[in-house]
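Asker: If you scroll down you'll find the structure; I have some questions about it.
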Amino acid sequence: MDSIINTVSSYFKAVEYPQLSGQHVGTFCYDSIKDRHPVTITKLIDQTFKIGSRTPELERDTKDVTAILSRLKNRLQTDKELELLEGKEDDIEMWNNAVKLLKPGANTWFTAPWLFIECYMYRAIHQAFQQTTAMRYPEYDCFGKEKDQGLEDSLSNMSRIASLLLHPSPSQTPAKLLTEFIQLCLWGNRADLSILKHFGLELSDVTQGPGDGDAVTLSNHLERVVKYLLELEGGRVDIVLDNSGYELFGDMCLAEVLLRTTKLTSVRLHMKCIPWFRSDVTDPDVKHLLAAFKGSEDPSLKELGSLWQSRFHDNKFTRTDHPFWTSPHGFCEMSRVSPELYDELSQSSFLFFKGDLNYRKLVNDRQWPYDTDFVTALEGFNPAKLCALRTIKSDSIVDCESSRVENILESDREKLFCGHYALISSNIS
């Protein structure tokens, strides 16, 4: 009976509040499909072509990849139907089943849900490289050069924060320290390589965060989150990661602070299985950050690198990945599509979901009214108490004063989609 009720409820939500798609001209979603996504593919084609002269094997591979990516870009720009993916990886059947379920009239690049086609684009990019001999992941990450540069450009800011983490002021209470590092974790989400270049921003423009974070946090459940965490009597916190580099550093700082200020005993980090959305965290990215810290001449980074290596060795920190995180599904479908992952999250004492894509999947990227209650927008997704930390970079926004969002859209629309504004949303009542 419950499944029937949920199915009927989902149907009416889909009719009343459809998912965003490229049919909605004038939205950031439409602009992204029309302009931003083709640029992403073009840059990847140019980057791939440049390395083809290194060996005959690479030359063959780069010709194959650039041909596949050029075709993908053409089909996007001419609004063709999404094709089935090819390959032998474990998630191919799941992806192709999802493509087959797209309805006629809503199965092209501009008519299918934006959440679906954006995930599809990155999955298709991955598949192009997996069909090669010498450019397959994990040996080769097509976004690795950008991510490596992002990490390098952030090290000076990381050093300053590492020193504060390792040597906090004696006057800082657990609540104050936890509050500050949740905010660091939040504003680190501005360091998104898929967005920065679109708005002409550099990493140095966003790693400091805004001057008054509270003033631009449109929904703020921070106090209730801190109170809840400090009252926990042990257990594990899970952080579903977003971007590598500076943001990953902030997430791991929060993990460290959670162990120091609460009774929690471990933190689990959830990564992506494959290169995703240009800068999302994969296992090699975590290893690269730890290695960079341990090999650093900066004493604070070196100390922190050794400490975090020991945290992983002692299972105080653990990390894992799952193909659901790189699927096209909203999280309200997790219990059906990947019940084992839902069960794993249900064993957590608290969940943090980082970033714009995870937020969009939490609220299923629907055209909810801005004042929709966050719990309502979760559509039954409730494995544990959770908090979304997101700097806004797309159209889906809930749990806010409608008039405030509408005023921002009228007065300074661009700022609403470049990470200037933020949300701290929780299902804690």
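Residue numbering restarts at 1 in every chain; chains get A, B, ... in the order shown in the structure tokens, and ligands count up from 1 in that same order.
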Select from segment 210-338 of chain A everything DSSP, run on the backbone, classes as helix (DSSP H, G or I), then give the selection as a PyMOL selection string.
Answerer: chain A and resi 213-216+222-231+246-261+283-294+299-313+323-326+331-337
Asker: Residues of segment 86-187 of chain A that have any atom at most 12 Å from an atom of segment 19-28 of chain A: could you tabulate them with the shortest-distance atom pair and the distance in Å to one decimal, using only C-alpha atoms, ordered by chain and increasing number, as a Markdown table?
Answerer:
```
| residue | atom | partner | partner_atom | distance |
| --- | --- | --- | --- | --- |
| A:Gly105 | CA | A:Gln23 | CA | 10.9 |
| A:Ala106 | CA | A:Ser21 | CA | 9.0 |
| A:Asn107 | CA | A:Ser21 | CA | 10.6 |
| A:Thr108 | CA | A:Gly22 | CA | 9.5 |
| A:Trp109 | CA | A:Gly22 | CA | 7.4 |
| A:Phe110 | CA | A:Gly22 | CA | 4.3 |
| A:Thr111 | CA | A:Gln23 | CA | 5.7 |
| A:Ala112 | CA | A:Ser21 | CA | 6.0 |
| A:Pro113 | CA | A:Ser21 | CA | 4.6 |
| A:Trp114 | CA | A:Ser21 | CA | 4.6 |
| A:Leu115 | CA | A:Leu20 | CA | 7.6 |
| A:Phe116 | CA | A:Ser21 | CA | 9.1 |
| A:Ile117 | CA | A:Ser21 | CA | 8.8 |
| A:Glu118 | CA | A:Ser21 | CA | 10.2 |
```
Asker: Give me a file of those residues, with N, CA, C and O atoms, as a CSV table (one decimal), in the first residue's frame.
Answerer:
```csv
chain,number,residue,atom,x,y,z
A,105,GLY,N,9.2,13.0,-26.8
A,105,GLY,CA,8.9,14.4,-26.6
A,105,GLY,C,9.6,14.9,-25.3
A,105,GLY,O,9.6,16.1,-25.1
A,106,ALA,N,10.2,14.0,-24.6
A,106,ALA,CA,11.0,14.4,-23.4
A,106,ALA,C,12.3,13.5,-23.3
A,106,ALA,O,12.7,13.2,-22.3
A,107,ASN,N,12.8,13.3,-24.5
A,107,ASN,CA,14.0,12.4,-24.6
A,107,ASN,C,15.1,12.9,-25.4
A,107,ASN,O,16.0,12.2,-25.9
A,108,THR,N,15.1,14.3,-25.6
A,108,THR,CA,16.2,14.9,-26.3
A,108,THR,C,17.0,15.8,-25.4
A,108,THR,O,16.6,16.0,-24.2
A,109,TRP,N,18.1,16.4,-25.9
A,109,TRP,CA,19.0,17.2,-25.0
A,109,TRP,C,18.3,18.4,-24.4
A,109,TRP,O,18.6,18.8,-23.3
A,110,PHE,N,17.3,19.0,-25.1
A,110,PHE,CA,16.6,20.2,-24.5
A,110,PHE,C,15.3,19.8,-23.9
A,110,PHE,O,14.6,20.7,-23.3
A,111,THR,N,14.8,18.6,-24.1
A,111,THR,CA,13.4,18.3,-23.6
A,111,THR,C,13.5,17.3,-22.4
A,111,THR,O,12.6,17.3,-21.6
A,112,ALA,N,14.5,16.5,-22.3
A,112,ALA,CA,14.7,15.6,-21.2
A,112,ALA,C,15.0,16.4,-19.9
A,112,ALA,O,15.5,17.6,-20.0
A,113,PRO,N,14.8,15.9,-18.7
A,113,PRO,CA,15.2,16.7,-17.5
A,113,PRO,C,16.7,17.1,-17.5
A,113,PRO,O,17.5,16.3,-17.9
A,114,TRP,N,16.9,18.3,-17.1
A,114,TRP,CA,18.3,18.8,-17.1
A,114,TRP,C,19.2,17.9,-16.3
A,114,TRP,O,20.3,17.6,-16.6
A,115,LEU,N,18.7,17.5,-15.1
A,115,LEU,CA,19.5,16.7,-14.2
A,115,LEU,C,19.9,15.4,-14.9
A,115,LEU,O,21.1,15.0,-14.8
A,116,PHE,N,19.0,14.9,-15.7
A,116,PHE,CA,19.3,13.6,-16.5
A,116,PHE,C,20.4,13.9,-17.5
A,116,PHE,O,21.4,13.2,-17.6
A,117,ILE,N,20.2,14.9,-18.4
A,117,ILE,CA,21.1,15.1,-19.5
A,117,ILE,C,22.4,15.6,-19.1
A,117,ILE,O,23.4,15.2,-19.7
A,118,GLU,N,22.5,16.3,-18.0
A,118,GLU,CA,23.8,16.8,-17.5
A,118,GLU,C,24.6,15.6,-17.0
A,118,GLU,O,25.8,15.4,-17.3
```
Asker: In Å, rounded to a single decimal, give me how far atom CA of Leu186 of chain A is from atom CA of Ser425 of chain A.
Answerer: 11.2 Å
Asker: Can you tell me how far atom CA of Arg54 of chain A sits from atom CA of Val281 of chain A, in Å to one decimal?
Answerer: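 Straight-line distance from atom CA of Arg54 of chain A to atom CA of Val281 of chain A works out to 27.8 Å.
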Asker: With only C-alpha atoms as the counted atoms, please give the residues lying no more than 10 Å from Leu357 of chain A, apart from itself and same-chain residues fewer than 6 positions off, as a PDB file with C-alpha atoms, in the first residue's frame.
Answerer:
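Printed below is selection-v8.pdb as written:
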```
ATOM      1  CA  LEU A 115      19.491  16.673 -14.206  1.00  0.00           C
ATOM      2  CA  GLU A 118      23.839  16.753 -17.520  1.00  0.00           C
ATOM      3  CA  CYS A 119      24.650  13.451 -15.810  1.00  0.00           C
ATOM      4  CA  ASP A 242      31.363  17.346  -4.181  1.00  0.00           C
ATOM      5  CA  PHE A 277      31.311  17.256 -13.423  1.00  0.00           C
ATOM      6  CA  TRP A 325      26.283   8.882  -7.120  1.00  0.00           C
ATOM      7  CA  GLY A 330      17.190  11.838  -7.714  1.00  0.00           C
ATOM      8  CA  ASN A 364      14.824  16.018  -7.533  1.00  0.00           C
ATOM      9  CA  ASP A 365      15.561  19.244  -9.474  1.00  0.00           C
ATOM     10  CA  ARG A 390      25.224  24.305  -0.962  1.00  0.00           C
ATOM     11  CA  ILE A 392      23.683  28.143  -5.282  1.00  0.00           C
ATOM     12  CA  LYS A 393      24.647  27.501  -8.919  1.00  0.00           C
ATOM     13  CA  SER A 394      21.338  26.471 -10.507  1.00  0.00           C
TER      14      SER A 394
END
```
Asker: Run DSSP on the backbone and tell me which residues of segment 275-429 of chain A come out as strand (DSSP E or B); list them as a PDB file with all heavy atoms, in the first residue's frame.
Answerer:
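Just written: states-v3.pdb:
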```
ATOM      1  N   ASP A 280      34.650  16.849  -9.458  1.00  0.00           N
ATOM      2  CA  ASP A 280      34.163  16.043  -8.338  1.00  0.00           C
ATOM      3  C   ASP A 280      35.249  15.084  -7.830  1.00  0.00           C
ATOM      4  O   ASP A 280      36.117  14.655  -8.580  1.00  0.00           O
ATOM      5  CB  ASP A 280      32.916  15.265  -8.743  1.00  0.00           C
ATOM      6  CG  ASP A 280      31.673  16.144  -8.728  1.00  0.00           C
ATOM      7  OD1 ASP A 280      31.820  17.369  -8.847  1.00  0.00           O
ATOM      8  OD2 ASP A 280      30.565  15.609  -8.603  1.00  0.00           O
ATOM      9  N   PHE A 317      38.739   7.861   9.727  1.00  0.00           N
ATOM     10  CA  PHE A 317      38.241   8.299   8.423  1.00  0.00           C
ATOM     11  C   PHE A 317      38.151   7.058   7.539  1.00  0.00           C
ATOM     12  O   PHE A 317      39.078   6.235   7.515  1.00  0.00           O
ATOM     13  CB  PHE A 317      39.193   9.280   7.741  1.00  0.00           C
ATOM     14  CG  PHE A 317      39.280  10.658   8.334  1.00  0.00           C
ATOM     15  CD1 PHE A 317      40.201  11.569   7.828  1.00  0.00           C
ATOM     16  CD2 PHE A 317      38.473  11.060   9.377  1.00  0.00           C
ATOM     17  CE1 PHE A 317      40.308  12.844   8.354  1.00  0.00           C
ATOM     18  CE2 PHE A 317      38.568  12.329   9.926  1.00  0.00           C
ATOM     19  CZ  PHE A 317      39.500  13.229   9.404  1.00  0.00           C
ATOM     20  N   THR A 318      37.055   6.914   6.815  1.00  0.00           N
ATOM     21  CA  THR A 318      36.963   5.903   5.766  1.00  0.00           C
ATOM     22  C   THR A 318      36.417   6.567   4.512  1.00  0.00           C
ATOM     23  O   THR A 318      35.819   7.646   4.575  1.00  0.00           O
ATOM     24  CB  THR A 318      36.044   4.735   6.169  1.00  0.00           C
ATOM     25  OG1 THR A 318      34.729   5.248   6.465  1.00  0.00           O
ATOM     26  CG2 THR A 318      36.586   3.998   7.384  1.00  0.00           C
ATOM     27  N   ARG A 319      36.657   5.939   3.372  1.00  0.00           N
ATOM     28  CA  ARG A 319      36.115   6.495   2.137  1.00  0.00           C
ATOM     29  C   ARG A 319      35.592   5.373   1.258  1.00  0.00           C
ATOM     30  O   ARG A 319      36.100   4.253   1.294  1.00  0.00           O
ATOM     31  CB  ARG A 319      37.142   7.339   1.400  1.00  0.00           C
ATOM     32  CG  ARG A 319      38.432   6.662   0.994  1.00  0.00           C
ATOM     33  CD  ARG A 319      39.392   7.711   0.433  1.00  0.00           C
ATOM     34  NE  ARG A 319      40.568   7.145  -0.197  1.00  0.00           N
ATOM     35  CZ  ARG A 319      41.725   6.938   0.422  1.00  0.00           C
ATOM     36  NH1 ARG A 319      41.847   7.238   1.710  1.00  0.00           N
ATOM     37  NH2 ARG A 319      42.751   6.445  -0.250  1.00  0.00           N
ATOM     38  N   THR A 320      34.575   5.705   0.474  1.00  0.00           N
ATOM     39  CA  THR A 320      33.906   4.706  -0.343  1.00  0.00           C
ATOM     40  C   THR A 320      33.289   5.398  -1.552  1.00  0.00           C
ATOM     41  O   THR A 320      33.160   6.635  -1.593  1.00  0.00           O
ATOM     42  CB  THR A 320      32.835   3.971   0.478  1.00  0.00           C
ATOM     43  OG1 THR A 320      32.266   2.921  -0.297  1.00  0.00           O
ATOM     44  CG2 THR A 320      31.712   4.906   0.905  1.00  0.00           C
ATOM     45  N   ASP A 321      32.905   4.616  -2.550  1.00  0.00           N
ATOM     46  CA  ASP A 321      32.165   5.166  -3.682  1.00  0.00           C
ATOM     47  C   ASP A 321      31.047   4.207  -4.050  1.00  0.00           C
ATOM     48  O   ASP A 321      30.961   3.092  -3.530  1.00  0.00           O
ATOM     49  CB  ASP A 321      33.081   5.451  -4.880  1.00  0.00           C
ATOM     50  CG  ASP A 321      33.863   4.222  -5.333  1.00  0.00           C
ATOM     51  OD1 ASP A 321      33.356   3.090  -5.184  1.00  0.00           O
ATOM     52  OD2 ASP A 321      34.991   4.381  -5.846  1.00  0.00           O
ATOM     53  N   PHE A 350      24.492  10.927  11.148  1.00  0.00           N
ATOM     54  CA  PHE A 350      24.178  12.200  10.495  1.00  0.00           C
ATOM     55  C   PHE A 350      24.818  12.204   9.115  1.00  0.00           C
ATOM     56  O   PHE A 350      25.896  11.636   8.904  1.00  0.00           O
ATOM     57  CB  PHE A 350      24.707  13.382  11.306  1.00  0.00           C
ATOM     58  CG  PHE A 350      24.111  14.703  10.906  1.00  0.00           C
ATOM     59  CD1 PHE A 350      22.844  15.068  11.330  1.00  0.00           C
ATOM     60  CD2 PHE A 350      24.816  15.578  10.091  1.00  0.00           C
ATOM     61  CE1 PHE A 350      22.285  16.282  10.955  1.00  0.00           C
ATOM     62  CE2 PHE A 350      24.269  16.795   9.705  1.00  0.00           C
ATOM     63  CZ  PHE A 350      22.998  17.148  10.144  1.00  0.00           C
ATOM     64  N   LEU A 351      24.157  12.879   8.168  1.00  0.00           N
ATOM     65  CA  LEU A 351      24.620  12.945   6.783  1.00  0.00           C
ATOM     66  C   LEU A 351      24.795  14.395   6.360  1.00  0.00           C
ATOM     67  O   LEU A 351      23.885  15.212   6.547  1.00  0.00           O
ATOM     68  CB  LEU A 351      23.608  12.287   5.835  1.00  0.00           C
ATOM     69  CG  LEU A 351      23.125  10.876   6.165  1.00  0.00           C
ATOM     70  CD1 LEU A 351      21.940  10.507   5.272  1.00  0.00           C
ATOM     71  CD2 LEU A 351      24.262   9.875   5.970  1.00  0.00           C
ATOM     72  N   PHE A 352      25.951  14.707   5.784  1.00  0.00           N
ATOM     73  CA  PHE A 352      26.149  15.987   5.103  1.00  0.00           C
ATOM     74  C   PHE A 352      26.173  15.727   3.603  1.00  0.00           C
ATOM     75  O   PHE A 352      26.884  14.834   3.126  1.00  0.00           O
ATOM     76  CB  PHE A 352      27.484  16.620   5.503  1.00  0.00           C
ATOM     77  CG  PHE A 352      27.477  17.328   6.829  1.00  0.00           C
ATOM     78  CD1 PHE A 352      28.088  16.761   7.934  1.00  0.00           C
ATOM     79  CD2 PHE A 352      26.873  18.569   6.972  1.00  0.00           C
ATOM     80  CE1 PHE A 352      28.091  17.408   9.160  1.00  0.00           C
ATOM     81  CE2 PHE A 352      26.867  19.229   8.197  1.00  0.00           C
ATOM     82  CZ  PHE A 352      27.487  18.646   9.297  1.00  0.00           C
ATOM     83  N   PHE A 353      25.389  16.510   2.859  1.00  0.00           N
ATOM     84  CA  PHE A 353      25.420  16.454   1.400  1.00  0.00           C
ATOM     85  C   PHE A 353      25.991  17.773   0.896  1.00  0.00           C
ATOM     86  O   PHE A 353      25.447  18.839   1.160  1.00  0.00           O
ATOM     87  CB  PHE A 353      24.014  16.233   0.828  1.00  0.00           C
ATOM     88  CG  PHE A 353      23.489  14.851   1.059  1.00  0.00           C
ATOM     89  CD1 PHE A 353      22.806  14.534   2.223  1.00  0.00           C
ATOM     90  CD2 PHE A 353      23.681  13.852   0.123  1.00  0.00           C
ATOM     91  CE1 PHE A 353      22.320  13.253   2.448  1.00  0.00           C
ATOM     92  CE2 PHE A 353      23.210  12.569   0.335  1.00  0.00           C
ATOM     93  CZ  PHE A 353      22.526  12.268   1.493  1.00  0.00           C
ATOM     94  N   LYS A 354      27.100  17.663   0.169  1.00  0.00           N
ATOM     95  CA  LYS A 354      27.818  18.848  -0.274  1.00  0.00           C
ATOM     96  C   LYS A 354      27.440  19.237  -1.705  1.00  0.00           C
ATOM     97  O   LYS A 354      27.353  18.405  -2.589  1.00  0.00           O
ATOM     98  CB  LYS A 354      29.329  18.590  -0.223  1.00  0.00           C
ATOM     99  CG  LYS A 354      29.930  18.503   1.169  1.00  0.00           C
ATOM    100  CD  LYS A 354      29.779  19.785   1.976  1.00  0.00           C
ATOM    101  CE  LYS A 354      30.273  21.026   1.257  1.00  0.00           C
ATOM    102  NZ  LYS A 354      31.717  21.041   0.992  1.00  0.00           N
ATOM    103  N   ARG A 366      13.215  19.709  -9.164  1.00  0.00           N
ATOM    104  CA  ARG A 366      11.879  20.134  -9.594  1.00  0.00           C
ATOM    105  C   ARG A 366      11.736  21.653  -9.549  1.00  0.00           C
ATOM    106  O   ARG A 366      12.500  22.345  -8.870  1.00  0.00           O
ATOM    107  CB  ARG A 366      10.806  19.507  -8.699  1.00  0.00           C
ATOM    108  CG  ARG A 366      10.700  18.003  -8.824  1.00  0.00           C
ATOM    109  CD  ARG A 366       9.392  17.521  -8.209  1.00  0.00           C
ATOM    110  NE  ARG A 366       9.332  16.085  -8.162  1.00  0.00           N
ATOM    111  CZ  ARG A 366       9.019  15.298  -9.202  1.00  0.00           C
ATOM    112  NH1 ARG A 366       8.755  15.843 -10.372  1.00  0.00           N
ATOM    113  NH2 ARG A 366       8.984  13.986  -9.071  1.00  0.00           N
ATOM    114  N   LEU A 386      19.903  14.828   8.247  1.00  0.00           N
ATOM    115  CA  LEU A 386      20.853  15.256   7.227  1.00  0.00           C
ATOM    116  C   LEU A 386      20.877  16.766   7.093  1.00  0.00           C
ATOM    117  O   LEU A 386      19.980  17.479   7.535  1.00  0.00           O
ATOM    118  CB  LEU A 386      20.523  14.600   5.887  1.00  0.00           C
ATOM    119  CG  LEU A 386      19.164  14.905   5.244  1.00  0.00           C
ATOM    120  CD1 LEU A 386      19.223  16.155   4.364  1.00  0.00           C
ATOM    121  CD2 LEU A 386      18.684  13.714   4.417  1.00  0.00           C
ATOM    122  N   CYS A 387      21.924  17.229   6.437  1.00  0.00           N
ATOM    123  CA  CYS A 387      22.087  18.657   6.152  1.00  0.00           C
ATOM    124  C   CYS A 387      22.704  18.814   4.770  1.00  0.00           C
ATOM    125  O   CYS A 387      23.688  18.140   4.442  1.00  0.00           O
ATOM    126  CB  CYS A 387      22.979  19.306   7.205  1.00  0.00           C
ATOM    127  SG  CYS A 387      23.399  21.039   6.866  1.00  0.00           S
ATOM    128  N   ALA A 388      22.132  19.700   3.966  1.00  0.00           N
ATOM    129  CA  ALA A 388      22.700  20.049   2.665  1.00  0.00           C
ATOM    130  C   ALA A 388      23.450  21.368   2.804  1.00  0.00           C
ATOM    131  O   ALA A 388      22.894  22.360   3.278  1.00  0.00           O
ATOM    132  CB  ALA A 388      21.599  20.173   1.620  1.00  0.00           C
ATOM    133  N   LEU A 389      24.720  21.362   2.403  1.00  0.00           N
ATOM    134  CA  LEU A 389      25.552  22.570   2.381  1.00  0.00           C
ATOM    135  C   LEU A 389      25.803  22.922   0.924  1.00  0.00           C
ATOM    136  O   LEU A 389      26.525  22.220   0.229  1.00  0.00           O
ATOM    137  CB  LEU A 389      26.874  22.325   3.109  1.00  0.00           C
ATOM    138  CG  LEU A 389      26.793  21.938   4.588  1.00  0.00           C
ATOM    139  CD1 LEU A 389      28.175  21.584   5.122  1.00  0.00           C
ATOM    140  CD2 LEU A 389      26.191  23.073   5.412  1.00  0.00           C
ATOM    141  N   ARG A 390      25.208  24.017   0.466  1.00  0.00           N
ATOM    142  CA  ARG A 390      25.224  24.305  -0.962  1.00  0.00           C
ATOM    143  C   ARG A 390      25.376  25.799  -1.228  1.00  0.00           C
ATOM    144  O   ARG A 390      24.642  26.613  -0.682  1.00  0.00           O
ATOM    145  CB  ARG A 390      23.907  23.837  -1.567  1.00  0.00           C
ATOM    146  CG  ARG A 390      23.736  24.177  -3.042  1.00  0.00           C
ATOM    147  CD  ARG A 390      22.344  24.652  -3.369  1.00  0.00           C
ATOM    148  NE  ARG A 390      22.069  24.671  -4.793  1.00  0.00           N
ATOM    149  CZ  ARG A 390      20.900  24.999  -5.331  1.00  0.00           C
ATOM    150  NH1 ARG A 390      19.884  25.322  -4.547  1.00  0.00           N
ATOM    151  NH2 ARG A 390      20.729  25.009  -6.643  1.00  0.00           N
ATOM    152  N   THR A 391      26.360  26.159  -2.073  1.00  0.00           N
ATOM    153  CA  THR A 391      26.347  27.496  -2.652  1.00  0.00           C
ATOM    154  C   THR A 391      25.601  27.389  -3.981  1.00  0.00           C
ATOM    155  O   THR A 391      25.855  26.495  -4.777  1.00  0.00           O
ATOM    156  CB  THR A 391      27.766  28.042  -2.862  1.00  0.00           C
ATOM    157  OG1 THR A 391      28.526  27.166  -3.683  1.00  0.00           O
ATOM    158  CG2 THR A 391      28.464  28.218  -1.518  1.00  0.00           C
ATOM    159  N   ALA A 422      23.978  31.109  -0.623  1.00  0.00           N
ATOM    160  CA  ALA A 422      24.125  29.744  -0.082  1.00  0.00           C
ATOM    161  C   ALA A 422      22.864  29.299   0.629  1.00  0.00           C
ATOM    162  O   ALA A 422      21.972  30.100   0.959  1.00  0.00           O
ATOM    163  CB  ALA A 422      25.312  29.689   0.868  1.00  0.00           C
ATOM    164  N   LEU A 423      22.818  27.981   0.886  1.00  0.00           N
ATOM    165  CA  LEU A 423      21.733  27.343   1.643  1.00  0.00           C
ATOM    166  C   LEU A 423      22.339  26.356   2.638  1.00  0.00           C
ATOM    167  O   LEU A 423      23.228  25.596   2.268  1.00  0.00           O
ATOM    168  CB  LEU A 423      20.772  26.605   0.719  1.00  0.00           C
ATOM    169  CG  LEU A 423      20.085  27.399  -0.403  1.00  0.00           C
ATOM    170  CD1 LEU A 423      19.415  26.445  -1.379  1.00  0.00           C
ATOM    171  CD2 LEU A 423      19.061  28.359   0.183  1.00  0.00           C
ATOM    172  N   ILE A 424      21.862  26.384   3.873  1.00  0.00           N
ATOM    173  CA  ILE A 424      22.169  25.344   4.848  1.00  0.00           C
ATOM    174  C   ILE A 424      20.820  24.769   5.259  1.00  0.00           C
ATOM    175  O   ILE A 424      20.094  25.353   6.070  1.00  0.00           O
ATOM    176  CB  ILE A 424      22.916  25.904   6.078  1.00  0.00           C
ATOM    177  CG1 ILE A 424      24.213  26.597   5.657  1.00  0.00           C
ATOM    178  CG2 ILE A 424      23.223  24.771   7.061  1.00  0.00           C
ATOM    179  CD1 ILE A 424      24.962  27.255   6.813  1.00  0.00           C
ATOM    180  N   SER A 425      20.450  23.643   4.653  1.00  0.00           N
ATOM    181  CA  SER A 425      19.103  23.095   4.805  1.00  0.00           C
ATOM    182  C   SER A 425      19.156  21.732   5.480  1.00  0.00           C
ATOM    183  O   SER A 425      19.987  20.893   5.133  1.00  0.00           O
ATOM    184  CB  SER A 425      18.423  22.957   3.430  1.00  0.00           C
ATOM    185  OG  SER A 425      18.380  24.205   2.767  1.00  0.00           O
ATOM    186  N   SER A 426      18.250  21.503   6.442  1.00  0.00           N
ATOM    187  CA  SER A 426      18.271  20.262   7.195  1.00  0.00           C
ATOM    188  C   SER A 426      16.857  19.744   7.411  1.00  0.00           C
ATOM    189  O   SER A 426      15.874  20.495   7.383  1.00  0.00           O
ATOM    190  CB  SER A 426      18.946  20.497   8.556  1.00  0.00           C
ATOM    191  OG  SER A 426      18.900  19.322   9.349  1.00  0.00           O
TER     192      SER A 426
END
```
Asker: Find, counting only C-alpha atoms, the residue in A:Gly87, A:Pro369, A:Pro56, A:Gly188 that gets nearest to Tyr17 of chain A.
Answerer: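 Of all the options, A:Pro369 lies closest to Tyr17 of chain A.
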